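Trainee: File structure-v4.cif below, mmCIF, C-alpha atoms:
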```cif
data_structure
#
loop_
_atom_site.label_atom_id
_atom_site.label_comp_id
_atom_site.auth_asym_id
_atom_site.auth_seq_id
_atom_site.Cartn_x
_atom_site.Cartn_y
_atom_site.Cartn_z
CA HIS A 223 -28.47 65.11 -114.61
CA ALA A 224 -29.14 63.28 -117.88
CA ASP A 225 -31.21 60.70 -115.98
CA ILE A 226 -33.31 63.42 -114.36
CA ALA A 227 -33.92 65.13 -117.74
CA LEU A 228 -34.75 61.78 -119.37
CA SER A 229 -37.19 60.90 -116.59
CA ARG A 230 -38.96 64.27 -116.97
CA ALA A 231 -39.15 63.87 -120.76
CA LYS A 232 -40.78 60.44 -120.33
CA GLU A 233 -43.31 61.84 -117.85
CA GLU A 234 -44.34 64.50 -120.36
CA GLY A 235 -45.07 62.00 -123.14
CA ARG A 236 -43.47 60.57 -126.24
CA ASN A 237 -41.41 62.34 -128.89
CA GLY A 238 -40.13 65.07 -126.63
CA TYR A 239 -36.95 66.16 -124.96
CA ARG A 240 -35.91 67.98 -121.82
CA ILE A 241 -32.75 69.89 -121.03
CA PHE A 242 -31.58 69.54 -117.44
CA ALA A 243 -32.14 72.55 -115.22
CA ALA A 244 -31.66 73.01 -111.47
CA ASP A 245 -35.41 73.49 -110.93
CA ILE A 246 -36.09 70.08 -112.51
CA ALA A 247 -33.65 68.49 -110.06
CA ALA A 248 -35.32 70.25 -107.14
CA GLN A 249 -38.79 69.15 -108.31
CA THR A 250 -37.60 65.57 -108.84
CA LEU A 251 -36.02 65.48 -105.39
CA ARG A 252 -39.22 66.87 -103.84
CA ALA A 253 -41.32 64.27 -105.68
CA GLN A 254 -39.06 61.48 -104.36
CA GLU A 255 -39.24 62.92 -100.86
CA LEU A 256 -43.05 63.10 -101.04
CA SER A 257 -43.22 59.55 -102.35
CA ASN A 258 -41.15 58.34 -99.38
CA LEU A 259 -43.26 60.33 -96.90
CA LEU A 260 -46.48 59.08 -98.50
CA HIS A 261 -45.62 55.49 -97.55
CA GLY A 262 -46.93 55.16 -94.02
CA ALA A 263 -48.84 58.47 -93.98
CA LEU A 264 -52.12 56.56 -93.63
CA GLU A 265 -50.81 54.54 -90.67
CA ARG A 266 -49.48 57.72 -89.04
CA ASN A 267 -52.96 59.36 -89.31
CA GLU A 268 -51.63 62.28 -91.35
CA PHE A 269 -54.67 62.43 -93.65
CA SER A 270 -57.88 64.28 -92.91
CA LEU A 271 -61.03 65.23 -94.77
CA VAL A 272 -62.63 68.63 -95.17
CA TYR A 273 -66.15 68.98 -96.52
CA GLN A 274 -67.12 71.45 -99.21
CA PRO A 275 -70.83 72.28 -99.35
CA GLN A 276 -72.81 71.90 -102.57
CA VAL A 277 -75.64 74.44 -102.65
CA ARG A 278 -78.73 74.54 -104.87
CA LEU A 279 -78.61 78.00 -106.43
CA GLY A 280 -82.36 78.51 -106.64
CA SER A 281 -83.07 77.96 -102.95
CA GLY A 282 -79.63 78.49 -101.41
CA ARG A 283 -80.14 75.19 -99.59
CA MET A 284 -77.16 72.91 -98.98
CA VAL A 285 -77.95 69.60 -100.69
CA ALA A 286 -74.62 67.79 -100.44
CA VAL A 287 -71.05 67.97 -99.27
CA GLU A 288 -67.96 66.84 -101.12
CA ALA A 289 -65.23 65.10 -99.12
CA LEU A 290 -61.81 66.58 -99.93
CA LEU A 291 -58.58 64.88 -98.87
CA ARG A 292 -55.88 66.84 -97.01
CA TRP A 293 -52.38 65.75 -95.94
CA THR A 294 -50.52 67.41 -93.07
CA LEU A 295 -46.99 66.33 -92.13
CA PRO A 296 -46.01 65.93 -88.46
CA ASP A 297 -44.15 69.28 -88.62
CA GLY A 298 -47.43 70.98 -89.60
CA GLU A 299 -46.64 71.44 -93.31
CA SER A 300 -49.71 70.98 -95.52
CA ILE A 301 -49.05 69.25 -98.83
CA PRO A 302 -51.40 70.40 -101.62
CA PRO A 303 -53.54 67.62 -103.16
CA ALA A 304 -52.22 68.57 -106.62
CA GLN A 305 -48.78 67.45 -105.41
CA PHE A 306 -49.52 64.26 -103.49
CA ILE A 307 -52.53 62.73 -105.28
CA PRO A 308 -50.69 62.20 -108.62
CA GLU A 309 -47.83 60.66 -106.64
CA ALA A 310 -50.25 58.36 -104.77
CA GLU A 311 -51.75 57.34 -108.12
CA ARG A 312 -48.30 56.65 -109.57
CA ASN A 313 -47.20 54.35 -106.76
CA GLY A 314 -50.55 52.60 -106.14
CA LEU A 315 -51.13 54.08 -102.68
CA ILE A 316 -54.32 55.71 -103.97
CA ILE A 317 -56.09 52.34 -103.51
CA PRO A 318 -55.79 52.15 -99.68
CA ILE A 319 -56.06 55.94 -99.37
CA GLY A 320 -59.23 55.96 -101.48
CA GLU A 321 -60.77 53.24 -99.33
CA TRP A 322 -59.95 55.25 -96.19
CA VAL A 323 -61.54 58.37 -97.71
CA LEU A 324 -64.75 56.53 -98.61
CA ARG A 325 -65.07 54.86 -95.20
CA THR A 326 -64.27 58.08 -93.29
CA ALA A 327 -66.72 60.16 -95.34
CA CYS A 328 -69.54 57.62 -94.85
CA ARG A 329 -68.86 57.51 -91.09
CA GLN A 330 -68.91 61.31 -90.91
CA SER A 331 -72.24 61.43 -92.74
CA MET A 332 -73.75 59.04 -90.19
CA ALA A 333 -72.19 60.99 -87.29
CA TRP A 334 -73.86 64.20 -88.50
CA ARG A 335 -77.19 62.39 -88.66
CA ALA A 336 -76.69 61.07 -85.13
CA GLN A 337 -76.26 64.71 -84.03
CA GLY A 338 -79.68 65.50 -85.48
CA LEU A 339 -78.58 67.19 -88.70
CA PRO A 340 -80.78 66.57 -91.75
CA PRO A 341 -79.48 63.91 -94.17
CA ILE A 342 -77.56 65.29 -97.15
CA ARG A 343 -75.71 63.53 -99.95
CA MET A 344 -72.01 62.75 -99.43
CA ALA A 345 -69.87 63.09 -102.59
CA VAL A 346 -66.55 61.25 -102.79
CA ASN A 347 -64.03 61.37 -105.63
CA LEU A 348 -62.77 58.15 -107.18
CA ALA A 349 -59.36 57.55 -108.72
CA VAL A 350 -59.19 55.65 -112.01
CA GLN A 351 -57.22 52.82 -110.35
CA GLN A 352 -60.09 52.19 -107.95
CA MET A 353 -62.43 51.59 -110.88
CA PHE A 354 -60.23 48.73 -112.06
CA MET A 355 -60.03 46.94 -108.71
CA PRO A 356 -61.69 43.52 -109.17
CA ASP A 357 -63.51 43.80 -105.84
CA PHE A 358 -64.25 47.53 -105.91
CA VAL A 359 -68.06 47.27 -105.90
CA ARG A 360 -67.92 44.65 -103.14
CA MET A 361 -65.73 47.02 -101.07
CA VAL A 362 -68.22 49.88 -101.55
CA ARG A 363 -71.10 47.60 -100.49
CA GLU A 364 -69.13 46.52 -97.43
CA ILE A 365 -68.39 50.12 -96.37
CA LEU A 366 -72.07 51.05 -96.75
CA ARG A 367 -73.10 48.03 -94.68
CA GLU A 368 -70.44 48.70 -92.04
CA THR A 369 -71.29 52.39 -91.64
CA GLY A 370 -75.05 52.09 -92.12
CA LEU A 371 -75.17 54.82 -94.78
CA ASP A 372 -78.02 54.46 -97.26
CA PRO A 373 -76.64 54.07 -100.82
CA SER A 374 -78.93 56.87 -102.04
CA SER A 375 -77.00 59.25 -99.76
CA LEU A 376 -73.69 58.51 -101.51
CA GLU A 377 -72.47 60.11 -104.73
CA LEU A 378 -69.28 58.88 -106.36
CA GLU A 379 -67.49 61.34 -108.62
CA ILE A 380 -65.32 60.29 -111.52
CA THR A 381 -63.29 62.59 -113.74
CA GLU A 382 -64.20 63.13 -117.35
CA GLY A 383 -60.98 61.38 -118.39
CA THR A 384 -61.90 58.30 -116.35
CA ALA A 385 -65.34 58.15 -117.97
CA VAL A 386 -63.93 57.62 -121.46
CA ARG A 387 -61.15 55.16 -120.63
CA GLU A 388 -61.83 51.49 -121.30
CA VAL A 389 -65.50 52.28 -121.54
CA GLY A 390 -66.69 48.67 -121.29
CA ASN A 391 -65.16 48.05 -117.88
CA ILE A 392 -66.07 51.49 -116.55
CA LEU A 393 -69.71 51.10 -117.68
CA ARG A 394 -69.95 47.72 -115.96
CA VAL A 395 -68.69 49.16 -112.66
CA LEU A 396 -70.89 52.26 -112.92
CA SER A 397 -73.95 50.14 -113.71
CA GLU A 398 -73.31 47.97 -110.65
CA LEU A 399 -72.95 51.06 -108.46
CA ARG A 400 -76.14 52.57 -109.89
CA SER A 401 -78.02 49.30 -109.27
CA ILE A 402 -77.11 49.61 -105.57
CA GLY A 403 -78.69 53.09 -105.55
CA ILE A 404 -75.49 55.19 -105.57
CA SER A 405 -75.45 58.43 -107.61
CA ILE A 406 -72.68 58.98 -110.16
CA ALA A 407 -71.32 62.42 -111.05
CA ILE A 408 -68.72 63.55 -113.57
CA ASP A 409 -66.18 65.93 -112.06
CA ASP A 410 -64.12 68.52 -113.97
CA PHE A 411 -66.34 68.27 -117.06
CA GLY A 412 -65.01 70.30 -119.98
CA ILE A 413 -61.35 70.09 -118.95
CA GLU A 414 -60.40 67.13 -121.13
CA TYR A 415 -62.74 65.78 -123.79
CA SER A 416 -65.66 68.22 -123.75
CA SER A 417 -67.78 65.86 -125.83
CA LEU A 418 -71.31 65.30 -124.56
CA ASN A 419 -71.77 62.46 -127.06
CA ARG A 420 -68.72 60.64 -125.78
CA ILE A 421 -69.71 61.16 -122.14
CA LYS A 422 -73.26 60.01 -122.89
#
```
Written as structure tokens, that's how I'd like the structure from this file.

Mentor:
Amino acid sequence: HADIALSRAKEEGRNGYRIFAADIAAQTLRAQELSNLLHGALERNEFSLVYQPQVRLGSGRMVAVEALLRWTLPDGESIPPAQFIPEAERNGLIIPIGEWVLRTACRQSMAWRAQGLPPIRMAVNLAVQQMFMPDFVRMVREILRETGLDPSSLELEITEGTAVREVGNILRVLSELRSIGISIAIDDFGIEYSSLNRIK
């Protein structure tokens, strides 16, 4: 019980404490269970994407879609992204999952075009770990080449927190992506830093 309380206190930051409670144990057990299930979920084809439209308010015209990751267990239980994405980030599985999301979203965009639908921008969220992959930009280029999607039809979204971490490295990656023709968007603006100067 002390170990569980200590682990939770560490997760919540320095200079804090936690008193053990049964709900903490249940949450910790569930997190461990999810972590175990997450290994191999990609290979078992348990992930899927849903697409949320982005509409221009003035005209009501759909201008883009955002690819959103969903995880469904074999028994039909849907795990909310707020539960499994932080776990995937913690154990490094967000790297292969993120690559799968990008490739699948780009393929879907091309499939819609093949069906005669007008081209619209595809927005895909990035995890901070992806931004620090040494070959990240090369991987993005490869996926675009493989799927045939024009870079101008892809928008990569980073969170506000990502945008202000290790600015030098992030700026280099973002500049390379922009030079390819990819759009960059900041997601969840105003949740963390709320400083336009810092974001700029």

Trainee: Mind telling me what the PyMOL selection byres ((chain A and resi 293) around 7) catches here, as a list in words?

Mentor: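 The output of the PyMOL selection byres ((chain A and resi 293) around 7) on this file is Glu268, Phe269, Ser270, Leu291, Arg292, Thr294, Leu295, Ser300 and Ile301 of chain A.
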
Trainee: Pick from A:Arg400, A:Arg325, A:Arg335, A:Arg394: nearest to Ile365 in chain A, with all atoms listed in the file counted?

Mentor: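 Smallest separation from Ile365 in chain A among the options: A:Arg325.
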
Trainee: Write out as an mmCIF file with C-alpha atoms, in the coordinates of the input the residues lying within 8 Å of Ile404 in chain A, counting only C-alpha atoms and excluding same-chain residues fewer than 6 positions away.

Mentor:
```cif
data_model
loop_
_atom_site.group_PDB
_atom_site.id
_atom_site.type_symbol
_atom_site.label_atom_id
_atom_site.label_comp_id
_atom_site.auth_asym_id
_atom_site.auth_seq_id
_atom_site.Cartn_x
_atom_site.Cartn_y
_atom_site.Cartn_z
ATOM 1 C CA PRO A 373 -76.640 54.070 -100.820
ATOM 2 C CA SER A 374 -78.930 56.870 -102.040
ATOM 3 C CA SER A 375 -77.000 59.250 -99.760
ATOM 4 C CA LEU A 376 -73.690 58.510 -101.510
ATOM 5 C CA GLU A 377 -72.470 60.110 -104.730
ATOM 6 C CA LEU A 378 -69.280 58.880 -106.360
#
```

Trainee: CA of Glu309 in chain A and CA of Asp225 in chain A, how far apart in Å?

Mentor: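 A separation of 19.1 Å between them.
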
Trainee: For Arg360 in chain A, work out the shell of residues within 10 Å, counting all atoms listed in the file and skipping chain neighbours fewer than 6 positions away, then give it as a ChimeraX atom specification.

Mentor: /A:366,398-399

Trainee: Can you write just those residues out, C-alpha atoms, as a compact mmCIF listing (two decimals), keeping the file's coordinate frame?

Mentor:
```
# COMPACT_ATOMS: atom_id res chain seq x y z
CA LEU A 366 -72.07 51.05 -96.75
CA GLU A 398 -73.31 47.97 -110.65
CA LEU A 399 -72.95 51.06 -108.46
```

Trainee: Rank A:Glu288, A:Leu393, A:Glu233, A:Val323 by their smallest atom-to-atom distance to Pro275 in chain A, using only C-alpha atoms, and report the top residue only.

Mentor: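 Residue with the minimum atom-to-atom distance to Pro275 in chain A: A:Glu288.
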
Trainee: I'd like the interatomic distance between CA of Leu348 in chain A and CA of Gly390 in chain A, to a tenth of an Å.

Mentor: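 According to the coordinates, CA of Leu348 in chain A and CA of Gly390 in chain A are separated by 17.4 Å.
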
Trainee: Got a sec to resolve the PyMOL selection byres ((chain A and resi 352) around 12) on this structure and send the residues as number ranges by chain?

Mentor: A: 311, 314-321, 324, 347-351, 353-362, 378-380, 384, 391-392, 395-396

Trainee: As a compact mmCIF listing (two decimals) with C-alpha atoms, keeping the file's coordinate frame, please: the residues near Ile342 in chain A (cut-off 8 Å, all atoms listed in the file, same-chain neighbours under 3 positions excluded).

Mentor:
```txt
# COMPACT_ATOMS: atom_id res chain seq x y z
CA MET A 284 -77.16 72.91 -98.98
CA VAL A 285 -77.95 69.60 -100.69
CA ALA A 286 -74.62 67.79 -100.44
CA VAL A 287 -71.05 67.97 -99.27
CA SER A 331 -72.24 61.43 -92.74
CA SER A 375 -77.00 59.25 -99.76
```

Trainee: CA of Arg367 in chain A to CA of Asn313 in chain A: how many Å, to one decimal?

Mentor: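 CA of Asn313 in chain A lies at a distance of 29.3 Å from CA of Arg367 in chain A.
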
Trainee: Calculated over all atoms listed in the file, which of the candidates A:Arg312, A:Arg240, A:Trp322, A:Pro340 has the smallest distance to Asn267 in chain A?

Mentor: A:Trp322
